[in-house]
Amino acid sequence: MTSKKRSRLALALVAAGALCTALLTPAAQAEGVRPECPRSLACDWVPAAYQQTGDPADKATYGNYDTADRPKTNAIKFIVLHDTEVDFDGTLRTFQNPLNKTSAHYVVRSSDGHVTQMVKTKDIAWQAGNWYVNTHSIGIEQEGFAADGAAWYTDAMYRSTAKLVAHLAKQYDIPLDRQHILGHDGVPPTSAAGTKSMHWDPGPYWDWNRFMALLGKGSRPSGPKKSELVTVAPDFAQNQQEFRDCEKGVDLPLQGSSAVPLRTEPSADAPLFSDPGLHPDGSAGTDCAADWGSKISASQQAVVAERVPGWTAIWWYGQKAWLSTPAGTRVTVPTKGTVVRPKAGRTEVPVYGVAYPDAAEYPAGFTPRTGSPLVYTIKAGQAFPGGGEAPTGYYYAPTIDASTPYDHTYFAGGQKYLTVQIGHRVGFVKATDVDVVRVG
């Protein structure tokens with residue numbers, strides 16, 4: 001969630017107050033469900049609503065999640081971290097109201113790191129704004145407000161979320177890297193048209209270096225000094241940045257941040273980088289906290305395109321973007337890993353926000369769901385971090401019961417896709433279009 005949803009959620013909570021109070025009684029929790037948590041976390045179970053909301057003849061009107069049998073039906077390969085934009089109790093009430101059509105698997109409280117599970121991991125929470133990512137991910141909401149991040153993101157929250165993520169990653173064999181452990185701001189749109197509607201939480205004040213270090217994956221040098229692959233690793237407290245809450249029209253105070261601004265040229269006076277999906281008119285990027293294209297986050301990786309004294313250019317959304325790397329400071333660390341490049345003879349490679357099967361792979365009578373390219377491409381001579389295989393398939397669950405032949409069915413595709421860090425958000429490319437190269 002982000003702040004632009006506060007008004008809608010507030011109205012929904014008022015309207016659903018009586019219903020939600022009843023749903024949150026001890027009787028509602030007494031389903032005999034044991035929370036899926038590590039032993040070191042005293043989690044509880046408060047079920048999100050799974051209920052029809054409209055005409056009984058219209059089985060497609062329901063909330064707040066879809067039933068599945070993951071990982072048997074479809075693999076779980078991503079974990080998505082959010083912030084709630086309402087308080088902890090309000091979040092639970094929101095997910096208990098089926099009219100809200102939103103949920104997450106877990107909610108973490110700010111004050112003490114307490115974890116409540118609301119959707120079973122086998123089921124599909126409606127949390128990422130991308131159906132493909134939803135079907136292959138687990139969503140964790142953290143109590144807080146992105147614009148006020150550091151005030152809400154407590155030590156207890158970092159530790160509880162890290163324990164939970166480590167537990168889930170081990171259980172489902174999810175790599176502990178930033179192509180698989182995503183912020184909501186790292187989830188791609190399903191199509192170019194949906195770019196502007198994507199979220200930006202947990203925002204620039206979530207300390208990604210600290211969090212990944214708790215997972216045992218801190219930003220330490222692992223490659224030669226001039227490695228073309230780097231990991232962004234500024235010190236959170238010393239990386240003082242001032243952003244603007246453009247939704248409220250106020251400047252946010254200068255404070256520690258995970259975000260490093262990106263510019264179009266190696267100069268502090270150059271315009272901020274412009275994500276072509278957010279700024280299709282070619283206007284400059286902004287210092288808005290929500291303008292994810294104009295900044296890169298700590299613990300994200302990038303491929304170096306050029307170096308000049310005090311500045312480093314990286315490939316970012318298919319273009320060059322410059323970040324300030326003064327001598328004697330640690331803004332990036334050299335890294336070894338894999339990158340993807342266009343195959344010889346390819347001038348550019350399309351990037352997708354989903355990894356769906358080809359249209360011909362769907363059964364007769366089923367309307368294919370295929371992805372359209374995003375506005376970003378990987379051009380000849382460019383490279384981007386990634387190369388891990390993305391599960392290719394489409395999970396169809398349009399109704400609250402199984403009254404039609406294709407309800408709750410997963411179609412696996414033969415076309416292989418790979419995950420890439422195309423910019424602040426991940427994307428997916430067809431394996432037949434690229435080479436995966438080990439560097440560093």
# chains A, B, ... in the order shown; residues from 1 in each chain; ligands from 1
>>> closest_atom_pairs(of="region 97-201 of chain A", to="region 379-396 of chain A", cutoff="8 Å", atoms="only C-alpha atoms", output="tab-separated table")
residue	atom	partner	partner_atom	distance
A:Tyr132	CA	A:Tyr394	CA	7.0
A:Thr135	CA	A:Tyr395	CA	6.7
A:His136	CA	A:Pro391	CA	7.8
A:Gln179	CA	A:Gly386	CA	7.0
>>> closest_atom_pairs(of="region 147-166 of chain A", to="region 206-223 of chain A", cutoff="7 Å", atoms="only C-alpha atoms", output="JSON lines")
{"residue": "A:Gly149", "atom": "CA", "partner": "A:Trp206", "partner_atom": "CA", "distance": 6.3}
{"residue": "A:Ala150", "atom": "CA", "partner": "A:Trp206", "partner_atom": "CA", "distance": 6.9}
{"residue": "A:Tyr153", "atom": "CA", "partner": "A:Trp206", "partner_atom": "CA", "distance": 6.9}
{"residue": "A:Tyr158", "atom": "CA", "partner": "A:Phe211", "partner_atom": "CA", "distance": 6.3}
{"residue": "A:Ala162", "atom": "CA", "partner": "A:Leu215", "partner_atom": "CA", "distance": 6.1}
{"residue": "A:Ala166", "atom": "CA", "partner": "A:Leu215", "partner_atom": "CA", "distance": 6.4}
>>> write_last_selection(atoms="N, CA and C atoms", output="short mmCIF file (atom, residue, chain, number, x, y, z; two decimals), in the first residue's frame")
data_model
loop_
_atom_site.label_atom_id
_atom_site.label_comp_id
_atom_site.auth_asym_id
_atom_site.auth_seq_id
_atom_site.Cartn_x
_atom_site.Cartn_y
_atom_site.Cartn_z
N GLY A 149 9.08 6.46 6.92
CA GLY A 149 9.65 5.14 7.12
C GLY A 149 10.47 4.89 8.36
N ALA A 150 11.53 5.67 8.58
CA ALA A 150 12.45 5.36 9.66
C ALA A 150 11.77 5.38 11.02
N TYR A 153 9.97 1.82 10.94
CA TYR A 153 10.76 0.63 10.67
C TYR A 153 11.72 0.40 11.83
N TYR A 158 12.61 -5.15 11.72
CA TYR A 158 13.65 -5.68 10.85
C TYR A 158 13.97 -7.13 11.21
N ALA A 162 13.10 -10.37 8.92
CA ALA A 162 14.25 -11.14 8.43
C ALA A 162 14.13 -12.61 8.82
N ALA A 166 13.84 -15.47 5.99
CA ALA A 166 14.82 -16.56 5.95
C ALA A 166 14.13 -17.92 6.04
#
>>> atom_distance(atom1="CA of Gln421 (chain A)", atom2="CA of Lys170 (chain A)")
22.3 Å
>>> select_by_dssp(residues="region 247-300 of chain A", states="strand (DSSP E or B)", output="PyMOL selection string")
chain A and resi 250-251+255-256+259-261+263+272+288+295-297
>>> select_by_dssp(residues="region 129-359 of chain A", states="helix (DSSP H, G or I)", output="VMD selection string")
chain A and resid 131 to 135 146 to 152 155 to 172 184 to 186 192 to 197 208 to 214 292 to 294 359
>>> residues_around(residues="Ala57 (chain A)", least_positions_apart="4", cutoff="12 Å", atoms="only C-alpha atoms", output="ChimeraX atom specification")
/A:52-53,61-62,399-401,403
>>> closest_residue(among="A:Asp201, A:Asp112, A:Asp287, A:Glu306", to="Ala42 (chain A)", atoms="only C-alpha atoms")
A:Asp112
>>> residues_around(residues="His279 (chain A)", least_positions_apart="5", cutoff="12 Å", atoms="only C-alpha atoms", output="number ranges by chain")
A: 192, 195-196, 272-274, 284-286, 291-294, 375
>>> write_last_selection(atoms="C-alpha atoms", output="CSV table (one decimal), in the first residue's frame")
chain,number,residue,atom,x,y,z
A,192,ALA,CA,3.4,-0.7,-20.2
A,195,THR,CA,3.4,1.5,-15.1
A,196,LYS,CA,2.1,4.7,-13.4
A,272,LEU,CA,17.6,13.4,-12.5
A,273,PHE,CA,17.1,10.2,-14.6
A,274,SER,CA,13.7,9.9,-16.2
A,284,ALA,CA,13.2,14.9,-16.2
A,285,GLY,CA,12.9,12.7,-13.2
A,286,THR,CA,12.0,14.2,-9.9
A,291,ASP,CA,9.6,8.5,-8.5
A,292,TRP,CA,11.5,5.2,-8.3
A,293,GLY,CA,13.2,5.6,-11.7
A,294,SER,CA,15.3,8.5,-10.5
A,375,VAL,CA,8.6,0.2,-22.5
>>> residues_around(residues="Gly113 (chain A)", least_positions_apart="3", cutoff="12 Å", atoms="only C-alpha atoms", output="number ranges by chain")
A: 40-43, 88, 106-110, 116, 141-144, 152-164
>>> closest_residue(among="A:Ile174, A:Ala268, A:Val303, A:Ala298", to="Glu228 (chain A)", atoms="only C-alpha atoms")
A:Val303
